[in-house]
Amino acid sequence: MLTTIRTCARPALGARVAACLLAGLLALPAQAAPSTASGTSTGRDVVGTWIARIDQRAAELEAMPRVQQTRVGYGSVLKKGDGGMVDVVAPGPMRPSDVPEGTAPAAGTAPTVVVTPPAEPIPQADPSATPGNALSGTATPGTVVEVLPPPPALTIQVRARTADRVGRLSTRLIELGFLNQEQWTETFDDTLEVAVRAFQLSEGLMQDGKVGEVTRQALDRTPKEAAKLMRGATASMRAFQASVPDTVILVNLPSQTVTYIERGKLNFTMRAVVGRPSRQTPLLQDRVTSVTINPTWTVPPTVLVEDKLPVLRKKGNTGIKDAIVYLDGVEVVPESINWWQVTPERIRIVQKPGDDNALGRFRFNLTNGDGIFLHGTNDPRLFERDLRAASSGCVRLADARMVAETLLRPAKLDSAAIERQLDSGKTKTVSLPNAVPVRFVYWTSTVETDGTVRVHPGIYDDVPTSSSAPSASQAPAAAGTVSAPRRVEPKPVRPTPAAAPQPAPAPAQSSSTATPARAADTRNGAEAVRTAM
């Protein structure tokens with residue numbers, strides 16, 4: 001019987017196996033199609049994916065019903081301990097006789113009175129006198145008599161100035177679901193701090209538990225306002241999509257990030273520091289042509305006029321570690337020069353390579369005429385902030401080493417070779433076999449790798465204008481087509497009194513030293529270009 005069942009089952013089993021194989025064969029083209037598409041992915045595809053996701057999220061926000069929303073409002077940074085009730089000390093009443101003239105009692109001690117000898121002798125004190133009548137005129141000359149302390153100061157509790165904003169913060173976090181109704185408070189306590197950190201995590205912000213300007217804007221932003229920022233970003237992306245290269249470095253100013261797309265695939269995104277509002281980073285279309293390891297830094301004209309020359313005139317030094325100062329092309333000792341009689345165009349300040357260099361250990365050289373480029377930094381603390389518009393126009397990278405290793409890979413320079421060059425301390429510029437395009441954009445919304453849509457308020461009041469870097473065939477003088485930073489006129493030279501003539505340079509700094517100094521400038525070449533930091 002069992003044999004009969006097996007015999008009957010074999011044809012059915014064979015039919016099922018054949019059906020499965022046939023289904024698998026039919027499914028192969030459908031499964032291979034996405035793989036083929038991913039193999040031919042382009043930069044346009046990446047941007048197109050971002051556009052679709054942001055539009056989807058914007059539509060969701062626009063469809064949300066309008067509800068009441070509490071705004072925290074402008075003000076100082078809110079942090080743990082703010083709000084609630086605070087103690088205010090009201091001074092108690094004091095008698096003029098409590099404190100001798102010209103003296104002040106020590107904190108926590110009773111004031112004292114020194115009895116000075118009168119013009120005529122006074123009767124001796126009665127031995128039976130008690131300390132209570134010590135001031136009745138029976139004290140001996142020069143005796144120090146303790147006076148009763150004044151009444152204690154009055155301590156009262158009043159409502160803190162920040163209590164209103166802390167209360168609105170609690171209400172807003174309840175509306176967003178980060179607190180329960182029972183947890184409402186006007187005191188910034190541990191529970192409220194945890195809720196703020198949770199909100200910051202959900203928004204992709206630094207989780208410091210403090211309500212600074214960026215966190216406040218995220219709390220106060222309505223769905224309609226967020227959707228408007230998203231729609232503006234997708235409109236800008238669509239205009240950019242048609243011309244985006246398959247390999248490109250994207251510098252997004254509102255998000256203060258740098259993204260690298262390599263052959264149509266997203267490689268990395270990292271935090272960056274961009275130009276401050278007074279020294280905006282322009283929207284450039286440029287390319288990275290070379291990478292400098294252990295770069296020098298030449299102080300750019302704007303920084304020289306506004307920052308460093310005032311320091312030179314006030315203190316006699318630059319305030320820059322390992323800096324060399326040139327006057328009319330000759331290296332000088334800063335303390336030996338009267339800088340009030342020197343105009344900015346005669347000065348050049350160059351910082352030596354090293355860990356203290358303002359550019360860090362890597363500089364990524366572009367071709368624009370603004371002196372704008374990408375580089376590392378000697379102060380990584382700025383990357384811990386949400387608002388990182390703090391440079392003089394250039395873009396500082398959170399991980400310049402990784403960017404260098406990525407771009408130098410086609411140049412056959414691996415991580416070990418880069419490490420050896422760093423250890424040597426010598427400056428070296430490596431040209432890239434193929435220049436990497438760089439695009440500076442102003443997108444107020446972006447998409448993370450997990451599909452989360454982020455919103456970034458504008459960091460500038462006026463959006464910088466778009467411009468292109470000069471082509472290789474253009475002369476450097478033609479670089480004026482790029483939007484240039486604000487021009488800074490030299491400040492008038494302060495006249496020097498006749499009693500303080502300008503000191504003459506030491507003999508060792510005479511014209512005989514000018515030739516080596518200029519020769520050093522020629523050797524450095526690109527390393528000594530005047531740039532914005």
# chains A, B, ... in the order shown; residues from 1 in each chain; ligands from 1
$ residues_around --residues "Thr215 (chain A)" --least-positions-apart "6" --cutoff "9 Å" --atoms "only C-alpha atoms" --output "PDB file with N, CA and C atoms, in the first residue's frame"
ATOM      1  N   VAL A 196      13.320  66.903  25.433  1.00  0.00           N
ATOM      2  CA  VAL A 196      14.003  67.740  24.438  1.00  0.00           C
ATOM      3  C   VAL A 196      15.009  66.907  23.656  1.00  0.00           C
ATOM      4  N   PHE A 199      13.191  64.815  21.137  1.00  0.00           N
ATOM      5  CA  PHE A 199      12.769  65.619  19.988  1.00  0.00           C
ATOM      6  C   PHE A 199      13.956  65.911  19.068  1.00  0.00           C
ATOM      7  N   GLN A 200      15.088  66.260  19.640  1.00  0.00           N
ATOM      8  CA  GLN A 200      16.274  66.538  18.825  1.00  0.00           C
ATOM      9  C   GLN A 200      16.699  65.305  18.038  1.00  0.00           C
ATOM     10  N   GLU A 203      14.597  64.912  15.011  1.00  0.00           N
ATOM     11  CA  GLU A 203      14.834  65.925  13.996  1.00  0.00           C
ATOM     12  C   GLU A 203      16.247  65.866  13.429  1.00  0.00           C
ATOM     13  N   LEU A 205      19.018  66.485  15.079  1.00  0.00           N
ATOM     14  CA  LEU A 205      19.813  67.574  15.655  1.00  0.00           C
ATOM     15  C   LEU A 205      20.746  67.029  16.727  1.00  0.00           C
ATOM     16  N   MET A 206      21.689  67.872  17.133  1.00  0.00           N
ATOM     17  CA  MET A 206      22.586  67.497  18.220  1.00  0.00           C
ATOM     18  C   MET A 206      21.777  67.336  19.506  1.00  0.00           C
ATOM     19  N   ASP A 386      24.695  72.583  15.712  1.00  0.00           N
ATOM     20  CA  ASP A 386      23.697  72.474  14.645  1.00  0.00           C
ATOM     21  C   ASP A 386      23.846  73.609  13.643  1.00  0.00           C
TER      22      ASP A 386
END
$ select_by_dssp --residues "region 217-330 of chain A" --states "alpha helix (DSSP H)" --output "number ranges by chain"
A: 217-220, 223-241, 301-303, 309-315
$ atom_distance --atom1 "CA of Phe362 (chain A)" --atom2 "CA of Val395 (chain A)"
12.0 Å
$ residues_around --residues "Pro410 (chain A)" --least-positions-apart "3" --cutoff "10 Å" --atoms "only C-alpha atoms" --output "list in words"
Glu405, Thr406, Leu407, Leu413, Asp414, Leu432, Pro433 and Asn434 of chain A
$ write_last_selection --atoms "all heavy atoms" --output "compact mmCIF listing (two decimals), in the first residue's frame"
# COMPACT_ATOMS: atom_id res chain seq x y z
N GLU A 405 41.37 60.32 1.05
CA GLU A 405 41.58 58.93 0.64
C GLU A 405 40.66 58.54 -0.51
O GLU A 405 41.06 57.79 -1.42
CB GLU A 405 41.37 58.00 1.83
CG GLU A 405 42.44 58.13 2.91
CD GLU A 405 42.21 57.18 4.07
OE1 GLU A 405 41.17 56.47 4.05
OE2 GLU A 405 43.06 57.13 4.99
N THR A 406 39.44 59.06 -0.50
CA THR A 406 38.49 58.73 -1.57
C THR A 406 38.92 59.35 -2.90
O THR A 406 38.92 58.68 -3.94
CB THR A 406 37.08 59.22 -1.19
OG1 THR A 406 36.68 58.62 0.04
CG2 THR A 406 36.07 58.87 -2.27
N LEU A 407 39.29 60.63 -2.88
CA LEU A 407 39.64 61.31 -4.13
C LEU A 407 41.01 60.90 -4.65
O LEU A 407 41.26 60.97 -5.86
CB LEU A 407 39.59 62.82 -3.91
CG LEU A 407 38.24 63.42 -3.52
CD1 LEU A 407 38.31 64.95 -3.49
CD2 LEU A 407 37.14 62.96 -4.45
N LEU A 413 47.26 56.57 -4.70
CA LEU A 413 47.81 56.97 -3.41
C LEU A 413 46.90 56.38 -2.34
O LEU A 413 45.78 56.86 -2.12
CB LEU A 413 47.88 58.50 -3.30
CG LEU A 413 48.91 59.07 -2.33
CD1 LEU A 413 50.31 58.76 -2.81
CD2 LEU A 413 48.74 60.57 -2.18
N ASP A 414 47.38 55.33 -1.70
CA ASP A 414 46.54 54.65 -0.71
C ASP A 414 46.70 55.28 0.67
O ASP A 414 47.45 56.25 0.85
CB ASP A 414 46.86 53.16 -0.67
CG ASP A 414 48.32 52.88 -0.33
OD1 ASP A 414 49.04 53.83 0.06
OD2 ASP A 414 48.74 51.72 -0.46
N LEU A 432 44.78 65.24 -9.43
CA LEU A 432 43.84 64.15 -9.66
C LEU A 432 43.84 63.78 -11.14
O LEU A 432 43.86 64.68 -12.01
CB LEU A 432 42.44 64.56 -9.22
CG LEU A 432 42.26 64.97 -7.75
CD1 LEU A 432 40.81 65.29 -7.46
CD2 LEU A 432 42.76 63.86 -6.82
N PRO A 433 43.80 62.50 -11.50
CA PRO A 433 43.75 62.11 -12.91
C PRO A 433 42.55 62.72 -13.62
O PRO A 433 42.66 63.14 -14.78
CB PRO A 433 43.66 60.58 -12.85
CG PRO A 433 44.18 60.20 -11.50
CD PRO A 433 43.84 61.33 -10.60
N ASN A 434 41.42 62.77 -12.92
CA ASN A 434 40.21 63.39 -13.46
C ASN A 434 39.65 64.34 -12.41
O ASN A 434 39.38 63.92 -11.28
CB ASN A 434 39.17 62.33 -13.81
CG ASN A 434 39.65 61.38 -14.90
OD1 ASN A 434 40.00 61.80 -15.99
ND2 ASN A 434 39.70 60.09 -14.58
$ closest_residue --among "A:Ile349, A:Leu250, A:Ile174, A:Ala417" --to "Val305 (chain A)" --atoms "only C-alpha atoms"
A:Ile349
$ residues_around --residues "region 290-302 of chain A" --least-positions-apart "2" --cutoff "8 Å" --atoms "only C-alpha atoms" --output "ChimeraX atom specification"
/A:288,304-307,344,348-354,357-366,404,408,418,421-422,425-432,435,487-488,527-533
$ write_last_selection --atoms "N, CA and C atoms" --output "CSV table (one decimal), in the first residue's frame"
chain,number,residue,atom,x,y,z
A,288,VAL,N,37.4,69.9,-8.2
A,288,VAL,CA,38.6,69.7,-7.5
A,288,VAL,C,39.7,69.2,-8.4
A,304,LEU,N,42.8,89.4,6.7
A,304,LEU,CA,43.9,90.2,7.0
A,304,LEU,C,43.5,91.6,7.5
A,305,VAL,N,42.6,92.3,6.7
A,305,VAL,CA,42.2,93.6,7.0
A,305,VAL,C,41.3,93.7,8.2
A,306,GLU,N,40.3,92.8,8.3
A,306,GLU,CA,39.3,92.9,9.4
A,306,GLU,C,39.7,92.2,10.7
A,307,ASP,N,40.6,91.2,10.6
A,307,ASP,CA,40.9,90.4,11.8
A,307,ASP,C,42.3,90.6,12.3
A,344,PRO,N,47.6,97.4,4.3
A,344,PRO,CA,47.4,96.0,4.2
A,344,PRO,C,48.0,95.3,3.0
A,348,ARG,N,51.8,90.1,4.1
A,348,ARG,CA,51.4,88.8,3.9
A,348,ARG,C,51.8,87.9,5.1
A,349,ILE,N,50.8,87.1,5.5
A,349,ILE,CA,51.0,86.2,6.7
A,349,ILE,C,50.8,84.8,6.2
A,350,VAL,N,51.8,83.9,6.5
A,350,VAL,CA,51.7,82.5,6.0
A,350,VAL,C,51.9,81.7,7.3
A,351,GLN,N,51.0,80.7,7.5
A,351,GLN,CA,51.1,79.8,8.6
A,351,GLN,C,51.7,78.5,8.1
A,352,LYS,N,52.7,78.0,8.9
A,352,LYS,CA,53.4,76.7,8.5
A,352,LYS,C,52.4,75.5,8.6
A,353,PRO,N,52.8,74.4,7.9
A,353,PRO,CA,52.0,73.2,8.0
A,353,PRO,C,52.0,72.6,9.4
A,354,GLY,N,51.0,71.8,9.7
A,354,GLY,CA,51.0,71.1,11.0
A,354,GLY,C,49.6,71.0,11.6
A,357,ASN,N,47.6,74.2,12.0
A,357,ASN,CA,47.3,75.0,10.8
A,357,ASN,C,45.8,75.1,10.6
A,358,ALA,N,45.4,76.3,10.2
A,358,ALA,CA,43.9,76.6,10.1
A,358,ALA,C,43.2,75.7,9.1
A,359,LEU,N,44.0,75.2,8.1
A,359,LEU,CA,43.4,74.4,7.1
A,359,LEU,C,43.4,72.9,7.5
A,360,GLY,N,44.0,72.6,8.6
A,360,GLY,CA,44.1,71.2,9.0
A,360,GLY,C,45.3,70.5,8.2
A,361,ARG,N,45.1,69.3,7.8
A,361,ARG,CA,46.2,68.6,7.1
A,361,ARG,C,45.9,68.4,5.6
A,362,PHE,N,44.7,68.8,5.2
A,362,PHE,CA,44.3,68.6,3.8
A,362,PHE,C,43.6,69.8,3.2
A,363,ARG,N,44.0,70.1,2.0
A,363,ARG,CA,43.3,71.2,1.2
A,363,ARG,C,42.9,70.6,-0.1
A,364,PHE,N,41.6,70.9,-0.6
A,364,PHE,CA,41.1,70.4,-1.8
A,364,PHE,C,41.0,71.6,-2.7
A,365,ASN,N,41.9,71.7,-3.7
A,365,ASN,CA,42.0,72.9,-4.5
A,365,ASN,C,41.0,73.0,-5.6
A,366,LEU,N,40.3,74.1,-5.7
A,366,LEU,CA,39.3,74.4,-6.7
A,366,LEU,C,40.0,75.4,-7.7
A,404,ALA,N,40.1,62.8,1.4
A,404,ALA,CA,41.4,62.7,0.7
A,404,ALA,C,41.6,61.3,0.2
A,408,LEU,N,41.9,60.5,-3.8
A,408,LEU,CA,43.3,60.2,-4.2
A,408,LEU,C,43.4,58.7,-4.6
A,418,ILE,N,49.5,58.1,2.2
A,418,ILE,CA,49.0,59.4,2.7
A,418,ILE,C,49.6,59.5,4.2
A,421,GLN,N,53.2,60.6,4.1
A,421,GLN,CA,53.3,62.0,3.7
A,421,GLN,C,53.0,62.9,4.9
A,422,LEU,N,51.9,62.5,5.6
A,422,LEU,CA,51.5,63.3,6.8
A,422,LEU,C,52.7,63.3,7.9
A,425,GLY,N,55.6,65.7,7.4
A,425,GLY,CA,55.4,67.2,7.7
A,425,GLY,C,55.7,68.1,6.5
A,426,LYS,N,56.0,67.5,5.3
A,426,LYS,CA,56.3,68.3,4.1
A,426,LYS,C,55.0,68.5,3.3
A,427,THR,N,55.0,69.6,2.7
A,427,THR,CA,53.8,70.0,1.8
A,427,THR,C,53.9,69.3,0.5
A,428,LYS,N,52.9,68.6,0.1
A,428,LYS,CA,52.8,67.9,-1.2
A,428,LYS,C,51.5,68.1,-1.9
A,429,THR,N,51.4,68.5,-3.1
A,429,THR,CA,50.2,68.6,-3.9
A,429,THR,C,50.1,67.5,-4.9
A,430,VAL,N,49.0,66.7,-4.9
A,430,VAL,CA,48.8,65.6,-5.8
A,430,VAL,C,47.7,65.9,-6.7
A,431,SER,N,48.0,65.9,-8.0
A,431,SER,CA,47.0,66.2,-9.0
A,431,SER,C,46.1,65.0,-9.2
A,432,LEU,N,44.8,65.2,-9.4
A,432,LEU,CA,43.8,64.2,-9.7
A,432,LEU,C,43.8,63.8,-11.1
A,435,ALA,N,39.5,65.6,-12.8
A,435,ALA,CA,39.0,66.6,-11.8
A,435,ALA,C,37.6,66.2,-11.4
A,487,ARG,N,33.8,93.2,-0.9
A,487,ARG,CA,35.0,93.9,-0.9
A,487,ARG,C,35.3,94.7,0.3
A,488,VAL,N,36.4,94.6,0.9
A,488,VAL,CA,36.8,95.3,2.1
A,488,VAL,C,37.8,96.4,1.7
A,527,GLU,N,50.6,76.4,-2.5
A,527,GLU,CA,50.4,76.4,-1.1
A,527,GLU,C,50.4,77.8,-0.5
A,528,ALA,N,50.8,78.8,-1.2
A,528,ALA,CA,50.8,80.2,-0.7
A,528,ALA,C,49.8,81.1,-1.3
A,529,VAL,N,48.8,80.5,-2.0
A,529,VAL,CA,47.8,81.3,-2.6
A,529,VAL,C,47.0,82.0,-1.5
A,530,ARG,N,46.5,83.2,-1.9
A,530,ARG,CA,45.6,83.9,-0.9
A,530,ARG,C,44.2,83.4,-1.0
A,531,THR,N,43.8,82.9,0.2
A,531,THR,CA,42.5,82.2,0.2
A,531,THR,C,41.7,82.6,1.3
A,532,ALA,N,40.4,82.3,1.2
A,532,ALA,CA,39.4,82.5,2.3
A,532,ALA,C,39.4,81.2,3.1
A,533,MET,N,39.2,81.3,4.4
A,533,MET,CA,39.2,80.2,5.3
A,533,MET,C,37.8,79.9,5.7
$ residues_around --residues "region 233-245 of chain A" --least-positions-apart "5" --cutoff "12 Å" --atoms "only C-alpha atoms" --output "PyMOL selection string"
chain A and resi 41-58+226-228+250+252+254-255+260-265+285-287+435-447+453-458+466
$ residues_around --residues "Gly319 (chain A)" --least-positions-apart "4" --cutoff "10 Å" --atoms "only C-alpha atoms" --output "ChimeraX atom specification"
/A:307-308,311-312,315,323
$ closest_residue --among "A:Pro334, A:Pro223, A:Gly369, A:Pro152" --to "Gln68 (chain A)" --atoms "only C-alpha atoms"
A:Pro223
$ residues_around --residues "Asp462 (chain A)" --least-positions-apart "6" --cutoff "12 Å" --atoms "only C-alpha atoms" --output "list in words"
Pro277, Ser278, Gln280, Thr281, Pro282 and Tyr442 of chain A
$ write_last_selection --atoms "N, CA, C and O atoms" --output "PDB file, in the first residue's frame"
ATOM      1  N   PRO A 277      27.167  84.563   7.816  1.00  0.00           N
ATOM      2  CA  PRO A 277      26.338  85.492   7.038  1.00  0.00           C
ATOM      3  C   PRO A 277      27.088  86.714   6.529  1.00  0.00           C
ATOM      4  O   PRO A 277      26.795  87.221   5.446  1.00  0.00           O
ATOM      5  N   SER A 278      28.071  87.209   7.274  1.00  0.00           N
ATOM      6  CA  SER A 278      28.825  88.380   6.825  1.00  0.00           C
ATOM      7  C   SER A 278      29.888  88.025   5.790  1.00  0.00           C
ATOM      8  O   SER A 278      30.424  88.911   5.127  1.00  0.00           O
ATOM      9  N   GLN A 280      29.597  85.168   3.216  1.00  0.00           N
ATOM     10  CA  GLN A 280      28.855  84.039   2.684  1.00  0.00           C
ATOM     11  C   GLN A 280      29.686  83.212   1.705  1.00  0.00           C
ATOM     12  O   GLN A 280      30.526  83.733   0.977  1.00  0.00           O
ATOM     13  N   THR A 281      29.397  81.910   1.707  1.00  0.00           N
ATOM     14  CA  THR A 281      29.958  81.024   0.694  1.00  0.00           C
ATOM     15  C   THR A 281      29.127  81.164  -0.574  1.00  0.00           C
ATOM     16  O   THR A 281      27.914  80.966  -0.530  1.00  0.00           O
ATOM     17  N   PRO A 282      29.731  81.501  -1.711  1.00  0.00           N
ATOM     18  CA  PRO A 282      28.944  81.671  -2.940  1.00  0.00           C
ATOM     19  C   PRO A 282      28.525  80.325  -3.525  1.00  0.00           C
ATOM     20  O   PRO A 282      29.106  79.279  -3.201  1.00  0.00           O
ATOM     21  N   TYR A 442      21.758  75.347  -2.612  1.00  0.00           N
ATOM     22  CA  TYR A 442      21.024  75.947  -1.497  1.00  0.00           C
ATOM     23  C   TYR A 442      19.677  75.250  -1.391  1.00  0.00           C
ATOM     24  O   TYR A 442      18.644  75.763  -1.828  1.00  0.00           O
TER      25      TYR A 442
END
$ atom_distance --atom1 "CA of Ile372 (chain A)" --atom2 "CA of Val274 (chain A)"
10.5 Å
